[in-house]
$ cat run.txt   # compact mmCIF, C-alpha atoms and all ligand atoms
# COMPACT_ATOMS: atom_id res chain seq x y z
CA MET A 10 14.44 -0.54 -13.15
CA GLU A 11 10.88 -1.38 -12.18
CA GLU A 12 10.39 -2.08 -8.46
CA LYS A 13 9.04 -5.57 -9.14
CA THR A 14 12.10 -6.50 -11.22
CA VAL A 15 14.44 -5.33 -8.47
CA VAL A 16 12.53 -7.38 -5.89
CA ARG A 17 12.40 -10.47 -8.15
CA ASN A 18 16.15 -10.29 -8.80
CA TYR A 19 16.85 -9.84 -5.10
CA PHE A 20 14.82 -12.90 -4.09
CA ASN A 21 16.45 -14.94 -6.88
CA GLU A 22 19.98 -13.86 -5.90
CA THR A 23 21.47 -12.45 -2.67
CA GLY A 24 18.13 -12.28 -0.88
CA PHE A 25 17.44 -15.96 -1.47
CA ASP A 26 20.23 -17.26 0.77
CA ARG A 27 19.61 -14.65 3.40
CA TRP A 28 15.91 -15.49 3.64
CA ARG A 29 16.53 -19.25 3.36
CA ARG A 30 18.59 -18.96 6.54
CA ILE A 31 16.06 -16.69 8.27
CA TYR A 32 13.18 -19.04 7.39
CA GLY A 33 15.19 -22.12 8.37
CA ASP A 34 16.60 -23.46 11.61
CA GLU A 35 20.36 -23.08 11.28
CA ALA A 36 22.33 -20.61 13.44
CA VAL A 37 21.91 -16.98 12.32
CA ASN A 38 22.94 -13.56 13.61
CA ARG A 39 20.77 -11.83 16.20
CA ILE A 40 19.02 -9.58 13.69
CA GLN A 41 18.08 -12.51 11.49
CA TYR A 42 17.05 -14.50 14.56
CA SER A 43 14.72 -11.71 15.65
CA ILE A 44 13.16 -11.61 12.19
CA ARG A 45 12.75 -15.41 12.28
CA VAL A 46 11.00 -15.23 15.66
CA GLY A 47 8.76 -12.32 14.68
CA HIS A 48 7.82 -13.92 11.37
CA GLN A 49 6.96 -17.21 13.08
CA ARG A 50 4.69 -15.32 15.48
CA THR A 51 2.91 -13.83 12.45
CA ILE A 52 2.45 -17.29 10.93
CA ASP A 53 1.17 -18.69 14.25
CA ARG A 54 -1.29 -15.83 14.63
CA VAL A 55 -2.69 -16.32 11.12
CA LEU A 56 -3.12 -20.06 11.77
CA GLU A 57 -4.89 -19.23 15.04
CA TRP A 58 -7.19 -16.67 13.37
CA LEU A 59 -8.10 -19.08 10.57
CA GLY A 60 -8.86 -21.95 12.96
CA ASP A 61 -10.25 -25.02 11.20
CA VAL A 62 -9.19 -24.73 7.55
CA GLN A 63 -10.12 -28.26 6.44
CA GLY A 64 -11.35 -28.05 2.82
CA ARG A 65 -11.11 -24.25 2.60
CA THR A 66 -9.48 -22.69 -0.46
CA ILE A 67 -6.61 -20.38 0.38
CA CYS A 68 -4.28 -18.38 -1.85
CA ASP A 69 -0.93 -17.49 -0.27
CA ALA A 70 0.29 -14.64 -2.48
CA GLY A 71 4.03 -14.03 -2.20
CA CYS A 72 4.32 -17.39 -0.43
CA GLY A 73 8.12 -17.35 -0.20
CA MET A 74 9.39 -20.73 0.99
CA GLY A 75 5.96 -21.94 2.04
CA SER A 76 6.18 -21.00 5.74
CA LEU A 77 2.40 -20.53 5.83
CA SER A 78 1.28 -22.61 2.82
CA ILE A 79 2.78 -25.83 4.19
CA PRO A 80 1.16 -25.74 7.67
CA LEU A 81 -2.15 -24.75 6.04
CA ALA A 82 -1.97 -27.80 3.75
CA GLN A 83 -1.01 -29.97 6.75
CA ARG A 84 -4.28 -28.80 8.34
CA GLY A 85 -6.30 -29.86 5.28
CA ALA A 86 -6.70 -26.57 3.39
CA ILE A 87 -6.60 -26.48 -0.42
CA VAL A 88 -3.67 -24.13 -0.90
CA TYR A 89 -2.35 -22.23 -3.90
CA GLY A 90 1.01 -20.63 -3.12
CA THR A 91 2.40 -18.15 -5.63
CA ASP A 92 5.56 -16.08 -5.71
CA ILE A 93 7.42 -13.85 -8.14
CA SER A 94 10.76 -15.62 -7.42
CA GLU A 95 11.55 -19.00 -9.04
CA LYS A 96 14.13 -19.75 -6.36
CA MET A 97 11.69 -19.12 -3.51
CA VAL A 98 9.08 -21.35 -5.19
CA SER A 99 11.53 -24.19 -5.80
CA GLU A 100 12.58 -24.05 -2.15
CA ALA A 101 8.88 -24.06 -1.14
CA ARG A 102 8.31 -27.15 -3.30
CA ARG A 103 11.36 -28.87 -1.77
CA ARG A 104 10.16 -28.14 1.77
CA ALA A 105 6.63 -29.30 0.95
CA GLN A 106 7.92 -32.58 -0.49
CA LYS A 107 9.84 -33.20 2.72
CA SER A 108 6.91 -32.60 5.05
CA LEU A 109 3.71 -33.46 3.15
CA PRO A 110 2.32 -36.65 1.60
CA LYS A 111 2.38 -36.93 -2.23
CA ASP A 112 -1.37 -36.47 -2.77
CA THR A 113 -1.34 -33.13 -1.01
CA THR A 114 -3.78 -30.29 -1.74
CA LEU A 115 -0.96 -27.79 -2.12
CA LYS A 116 0.26 -26.29 -5.39
CA PHE A 117 3.00 -23.72 -5.93
CA ASP A 118 3.48 -21.58 -9.02
CA VAL A 119 5.82 -18.78 -10.05
CA VAL A 120 3.33 -15.96 -10.64
CA GLU A 121 3.56 -12.34 -9.66
CA LEU A 122 0.87 -11.15 -7.34
CA GLU A 123 -1.08 -9.07 -9.83
CA LEU A 124 -1.31 -11.96 -12.33
CA VAL A 125 -2.71 -14.59 -9.97
CA ASN A 126 -6.01 -16.07 -11.18
CA GLY A 127 -8.90 -17.84 -9.49
CA GLN A 128 -11.29 -17.45 -6.58
CA TYR A 129 -10.39 -18.38 -3.00
CA GLU A 130 -12.22 -18.11 0.29
CA VAL A 131 -9.14 -16.61 1.86
CA VAL A 132 -6.29 -14.65 0.30
CA VAL A 133 -3.19 -14.10 2.43
CA CYS A 134 -0.23 -11.83 1.71
CA LEU A 135 2.43 -11.78 4.43
CA ASP A 136 5.56 -9.63 4.54
CA VAL A 137 5.35 -8.69 0.86
CA LEU A 138 3.91 -5.16 0.85
CA ILE A 139 7.04 -3.87 2.62
CA HIS A 140 8.73 -4.06 -0.79
CA TYR A 141 6.36 -1.61 -2.52
CA PRO A 142 5.37 2.07 -2.31
CA LEU A 143 1.77 2.94 -1.47
CA PRO A 144 0.40 3.49 -5.02
CA GLN A 145 1.62 0.03 -6.01
CA VAL A 146 0.29 -1.48 -2.78
CA GLU A 147 -3.11 -0.06 -3.68
CA LYS A 148 -3.04 -1.78 -7.10
CA MET A 149 -1.86 -5.04 -5.54
CA LEU A 150 -4.58 -4.98 -2.91
CA ALA A 151 -7.20 -4.29 -5.58
CA HIS A 152 -6.09 -7.41 -7.42
CA LEU A 153 -5.88 -9.59 -4.28
CA SER A 154 -9.30 -8.30 -3.31
CA SER A 155 -10.77 -9.53 -6.61
CA LEU A 156 -9.50 -13.07 -5.85
CA SER A 157 -11.12 -13.41 -2.44
CA THR A 158 -14.71 -14.33 -1.62
CA LYS A 159 -14.50 -14.04 2.18
CA SER A 160 -11.32 -12.83 3.81
CA LEU A 161 -8.13 -11.00 3.06
CA ILE A 162 -5.20 -11.24 5.48
CA LEU A 163 -2.08 -9.14 5.08
CA THR A 164 0.87 -7.58 6.84
CA TYR A 165 2.65 -4.32 6.28
CA ALA A 166 5.56 -2.59 8.00
CA PRO A 167 4.29 0.24 10.19
CA LYS A 168 5.76 3.72 10.23
CA THR A 169 7.59 3.63 13.56
CA VAL A 170 10.78 5.28 14.76
CA LEU A 171 12.48 1.98 15.54
CA PHE A 172 11.74 0.58 12.15
CA ALA A 173 13.02 3.72 10.44
CA LEU A 174 16.28 3.25 12.33
CA LEU A 175 16.53 -0.36 11.28
CA LYS A 176 15.91 0.65 7.71
CA ARG A 177 18.84 3.03 7.94
CA ILE A 178 21.05 0.23 9.18
CA GLY A 179 19.93 -1.52 5.97
CA GLN A 180 20.59 -5.03 7.20
CA PHE A 181 18.35 -7.06 5.00
CA PHE A 182 16.93 -5.07 2.15
CA PRO A 183 17.82 -5.37 -1.53
CA GLY A 184 19.55 -2.99 -3.83
CA ALA A 185 22.96 -1.34 -3.85
CA ASN A 186 21.45 1.34 -1.65
CA LYS A 187 19.69 -1.04 0.72
CA THR A 188 17.88 1.75 2.50
CA THR A 189 15.65 2.52 -0.49
CA ARG A 190 13.95 -0.85 -0.62
CA ALA A 191 11.79 -1.11 2.47
CA TYR A 192 8.56 0.84 2.52
CA GLN A 193 6.70 1.59 5.71
CA HIS A 194 3.00 2.28 5.56
CA ARG A 195 0.60 4.12 7.81
CA SER A 196 -2.28 2.05 9.17
CA VAL A 197 -4.75 4.77 8.16
CA ASP A 198 -3.59 4.51 4.54
CA ILE A 199 -3.80 0.70 4.38
CA GLU A 200 -7.17 0.60 6.11
CA ALA A 201 -8.53 3.35 3.84
CA ILE A 202 -7.53 1.30 0.78
CA LEU A 203 -9.23 -1.78 2.21
CA GLU A 204 -12.38 0.20 2.95
CA ARG A 205 -12.44 1.66 -0.57
CA LEU A 206 -12.26 -1.92 -1.85
CA GLY A 207 -15.32 -2.82 0.20
CA TRP A 208 -13.63 -4.60 3.13
CA LYS A 209 -14.31 -4.29 6.85
CA ILE A 210 -11.42 -4.77 9.27
CA ALA A 211 -12.26 -7.78 11.42
CA ARG A 212 -8.98 -8.21 13.32
CA ARG A 213 -5.73 -6.37 13.86
CA ALA A 214 -2.48 -7.36 15.57
CA ALA A 215 0.87 -5.70 16.13
CA ILE A 216 3.68 -8.23 15.96
CA ASP A 217 6.97 -6.68 17.02
CA ASP A 218 10.28 -8.19 17.97
CA LYS A 219 13.63 -6.37 18.27
CA PHE A 220 14.12 -6.27 14.50
CA TYR A 221 10.76 -7.37 13.14
CA PHE A 222 7.80 -5.04 12.93
CA ALA A 223 4.53 -6.04 11.34
CA ARG A 224 0.94 -4.98 11.43
CA LEU A 225 -1.34 -7.89 10.69
CA VAL A 226 -4.86 -7.24 9.44
CA MET A 227 -7.75 -9.54 8.63
CA ALA A 228 -10.47 -7.98 6.49
CA GLU A 229 -13.86 -9.49 5.73
CA ARG A 230 -16.61 -8.78 3.23
C1 LIG A 301 9.92 -11.55 3.01
S1 LIG A 301 9.31 -12.78 1.92
C2 LIG A 301 7.81 -13.38 2.73
C3 LIG A 301 7.41 -14.75 2.23
C4 LIG A 301 6.14 -15.37 2.81
N1 LIG A 301 4.96 -14.57 2.55
C5 LIG A 301 6.30 -15.60 4.28
O1 LIG A 301 5.73 -14.84 5.08
O2 LIG A 301 6.98 -16.57 4.66
C6 LIG A 301 8.64 -11.81 0.60
C7 LIG A 301 8.24 -12.66 -0.59
O3 LIG A 301 7.43 -11.87 -1.47
C8 LIG A 301 7.74 -12.23 -2.79
N2 LIG A 301 7.30 -11.15 -3.67
C9 LIG A 301 7.75 -9.89 -3.71
N3 LIG A 301 7.09 -9.17 -4.63
C10 LIG A 301 6.19 -10.00 -5.18
C11 LIG A 301 5.22 -9.84 -6.22
N4 LIG A 301 5.05 -8.68 -6.86
N5 LIG A 301 4.47 -10.90 -6.57
C12 LIG A 301 4.64 -12.09 -5.93
N6 LIG A 301 5.56 -12.31 -4.96
C13 LIG A 301 6.32 -11.27 -4.58
C14 LIG A 301 9.24 -12.43 -2.75
O4 LIG A 301 9.75 -13.15 -3.86
C15 LIG A 301 9.41 -13.16 -1.43
O5 LIG A 301 9.32 -14.55 -1.58
$ encode --input "run.txt" --output "C-alpha cells"
Amino acid sequence: MEEKTVVRNYFNETGFDRWRRIYGDEAVNRIQYSIRVGHQRTIDRVLEWLGDVQGRTICDAGCGMGSLSIPLAQRGAIVYGTDISEKMVSEARRRAQKSLPKDTTLKFDVVELELVNGQYEVVVCLDVLIHYPLPQVEKMLAHLSSLSTKSLILTYAPKTVLFALLKRIGQFFPGANKTTRAYQHRSVDIEAILERLGWKIARRAAIDDKFYFARLVMAER
C-alpha cells in the first residue's frame, strides 16, 4: 500500500483518537504527555519566530487539529490549513468554531500536501515529514516550496540514538508493524534539499523532550 494511504488511514482511524488526546488537555500517559509538551514548544517557537502575523497569508500543510492554524488566525493571519485526513480536519474545524469568531480568516480543507494550490507568504509543515522516507520528503518539499513567496518552516525527526530507541518501542506510529512508520532524517539531507530548492536556512532549533524529538527549520528566499 502506498505510504500516503497508510498514513491517511492511520489518521482517520486508530491514530485519530491517540492524537486527539495528545493534542488535547485530558490526562494521558507519560509518553503522550511528553509529546504534547514537546509539540507545544514547537508551536510556541514558530509563533515567536513569526512575530506579528496580522494580515499575512500562511498555509499550514498537514495542519492536523489546527494546533498552529488556530493561534495564527487568533493573531490576525489569513490561514489556509490543509490535511490528508478528513477526521483531523473536522476536529480542526470544531476546535476553530469553539475558539474563533464566525468571520474568521481561517479555512480548512482536506487536501494532501502535494495537491495544495495557491501562493502564501509563509508555508509551514510541522511534524508531518516524520511519516515519509527521504525521496518522498524531497518531492513534498519541492511542492511546498512552489507555494511560498517568503518563508518555509518545517520540522523533521532527527537521526538520534534516543529516537531510534523510541521508534523500536513503537508507541505511537501506525501500521501493524509500528516500527516501520517513523522516518528519521539527517539535517544535512534536509538542508541540502532546501538549498537545491533555492532556500537559505535562516533559523534552526532543536526541540527535544523525553519522547519528542524535532528539528525546526525556517528557510527564506
Ligand atoms: C503528527 S500530526 C501533526 C499535525 C500538525 N501539523 C501539528 O503540528 O499539530 C501529522 C499530520 O500530518 C497529516 N499528514 C500526513 N501526511 C500528509 C500528507 N501527505 N498530506 C497532508 N497531510 C498529511 C496527518 O493527517 C496528520 O494530521
$ residues_near_ligand --input "run.txt" --ligand "ligand LIG 301 (chain A)" --cutoff "6 Å" --atoms "all atoms listed in the file" --output "mmCIF file with C-alpha atoms, in the coordinates of the input"
data_model
loop_
_atom_site.group_PDB
_atom_site.id
_atom_site.type_symbol
_atom_site.label_atom_id
_atom_site.label_comp_id
_atom_site.auth_asym_id
_atom_site.auth_seq_id
_atom_site.Cartn_x
_atom_site.Cartn_y
_atom_site.Cartn_z
ATOM 1 C CA LYS A 13 9.040 -5.570 -9.140
ATOM 2 C CA VAL A 16 12.530 -7.380 -5.890
ATOM 3 C CA ARG A 17 12.400 -10.470 -8.150
ATOM 4 C CA PHE A 20 14.820 -12.900 -4.090
ATOM 5 C CA GLY A 71 4.030 -14.030 -2.200
ATOM 6 C CA CYS A 72 4.320 -17.390 -0.430
ATOM 7 C CA GLY A 73 8.120 -17.350 -0.200
ATOM 8 C CA SER A 76 6.180 -21.000 5.740
ATOM 9 C CA ASP A 92 5.560 -16.080 -5.710
ATOM 10 C CA ILE A 93 7.420 -13.850 -8.140
ATOM 11 C CA SER A 94 10.760 -15.620 -7.420
ATOM 12 C CA MET A 97 11.690 -19.120 -3.510
ATOM 13 C CA GLU A 121 3.560 -12.340 -9.660
ATOM 14 C CA LEU A 122 0.870 -11.150 -7.340
ATOM 15 C CA CYS A 134 -0.230 -11.830 1.710
ATOM 16 C CA LEU A 135 2.430 -11.780 4.430
ATOM 17 C CA ASP A 136 5.560 -9.630 4.540
ATOM 18 C CA VAL A 137 5.350 -8.690 0.860
#
$ closest_residue --input "run.txt" --among "A:Ala166, A:Leu77, A:Met149, A:Ala36" --to "Glu57 of chain A" --atoms "all atoms listed in the file"
A:Leu77
$ atom_distance --input "run.txt" --atom1 "atom CA of Ala82 of chain A" --atom2 "atom CA of Ser43 of chain A"
26.1 Å
$ atom_distance --input "run.txt" --atom1 "atom CA of Leu56 of chain A" --atom2 "atom CA of Thr169 of chain A"
26.1 Å
$ closest_residue --input "run.txt" --among "A:Gln145, A:Ser108, A:Thr51, A:Gln128" --to "Leu163 of chain A" --atoms "only C-alpha atoms"
A:Thr51
$ residues_near_point --input "run.txt" --point "(18.8, -7.0, 15.7)" --cutoff "6 Å" --atoms "all atoms listed in the file" --output "PyMOL selection string"
chain A and resi 39-40+219-220
$ atom_distance --input "run.txt" --atom1 "atom CA of Arg212 of chain A" --atom2 "atom CA of Gly64 of chain A"
22.6 Å
$ decode --input "run.txt" --residues "segment 46-116 of chain A" --atoms "C-alpha atoms" --output "CSV table (one decimal), in the first residue's frame"
chain,number,residue,atom,x,y,z
A,46,VAL,CA,4.7,19.2,25.8
A,47,GLY,CA,7.4,19.0,23.1
A,48,HIS,CA,4.8,19.7,20.3
A,49,GLN,CA,3.5,22.7,22.2
A,50,ARG,CA,7.1,24.0,22.5
A,51,THR,CA,7.4,23.7,18.7
A,52,ILE,CA,4.1,25.6,18.2
A,53,ASP,CA,5.3,28.4,20.6
A,54,ARG,CA,8.6,28.7,18.9
A,55,VAL,CA,7.0,29.1,15.4
A,56,LEU,CA,4.7,31.7,16.8
A,57,GLU,CA,7.7,33.5,18.3
A,58,TRP,CA,9.7,33.3,15.1
A,59,LEU,CA,6.8,34.6,13.0
A,60,GLY,CA,6.1,37.6,15.4
A,61,ASP,CA,3.4,39.9,14.1
A,62,VAL,CA,1.4,37.9,11.5
A,63,GLN,CA,-1.5,40.4,11.1
A,64,GLY,CA,-2.7,40.2,7.5
A,65,ARG,CA,0.0,37.7,6.4
A,66,THR,CA,-1.0,34.7,4.3
A,67,ILE,CA,0.0,31.4,5.8
A,68,CYS,CA,-0.5,27.8,4.6
A,69,ASP,CA,-0.3,25.2,7.4
A,70,ALA,CA,0.2,22.0,5.4
A,71,GLY,CA,-0.6,18.9,7.4
A,72,CYS,CA,-2.4,21.1,9.9
A,73,GLY,CA,-3.8,18.2,12.0
A,74,MET,CA,-6.3,19.6,14.5
A,75,GLY,CA,-5.3,23.2,14.0
A,76,SER,CA,-2.8,23.5,16.9
A,77,LEU,CA,-0.9,26.1,14.9
A,78,SER,CA,-3.6,27.4,12.4
A,79,ILE,CA,-5.9,28.5,15.2
A,80,PRO,CA,-3.5,30.6,17.2
A,81,LEU,CA,-2.2,32.1,13.9
A,82,ALA,CA,-5.8,33.1,13.0
A,83,GLN,CA,-6.3,34.5,16.5
A,84,ARG,CA,-3.3,36.7,15.8
A,85,GLY,CA,-4.9,38.0,12.6
A,86,ALA,CA,-3.2,35.9,9.9
A,87,ILE,CA,-5.1,34.7,6.9
A,88,VAL,CA,-4.7,31.0,7.3
A,89,TYR,CA,-5.2,28.0,5.0
A,90,GLY,CA,-5.0,24.7,6.9
A,91,THR,CA,-4.9,21.5,4.9
A,92,ASP,CA,-4.6,17.9,5.8
A,93,ILE,CA,-4.9,14.5,4.2
A,94,SER,CA,-7.2,13.2,7.0
A,95,GLU,CA,-10.9,14.1,7.0
A,96,LYS,CA,-11.1,13.3,10.7
A,97,MET,CA,-8.2,15.6,11.6
A,98,VAL,CA,-9.8,18.4,9.5
A,99,SER,CA,-13.2,18.0,11.1
A,100,GLU,CA,-11.7,18.2,14.5
A,101,ALA,CA,-9.7,21.3,13.5
A,102,ARG,CA,-12.9,22.9,12.3
A,103,ARG,CA,-14.7,22.0,15.5
A,104,ARG,CA,-11.9,23.5,17.6
A,105,ALA,CA,-11.8,26.6,15.5
A,106,GLN,CA,-15.5,27.1,15.9
A,107,LYS,CA,-15.1,26.9,19.6
A,108,SER,CA,-12.3,29.5,19.9
A,109,LEU,CA,-12.7,31.9,16.9
A,110,PRO,CA,-15.3,34.4,15.8
A,111,LYS,CA,-17.5,33.4,12.8
A,112,ASP,CA,-16.0,35.9,10.4
A,113,THR,CA,-12.5,34.4,10.9
A,114,THR,CA,-9.8,34.4,8.3
A,115,LEU,CA,-9.2,30.7,8.7
A,116,LYS,CA,-10.1,28.0,6.2
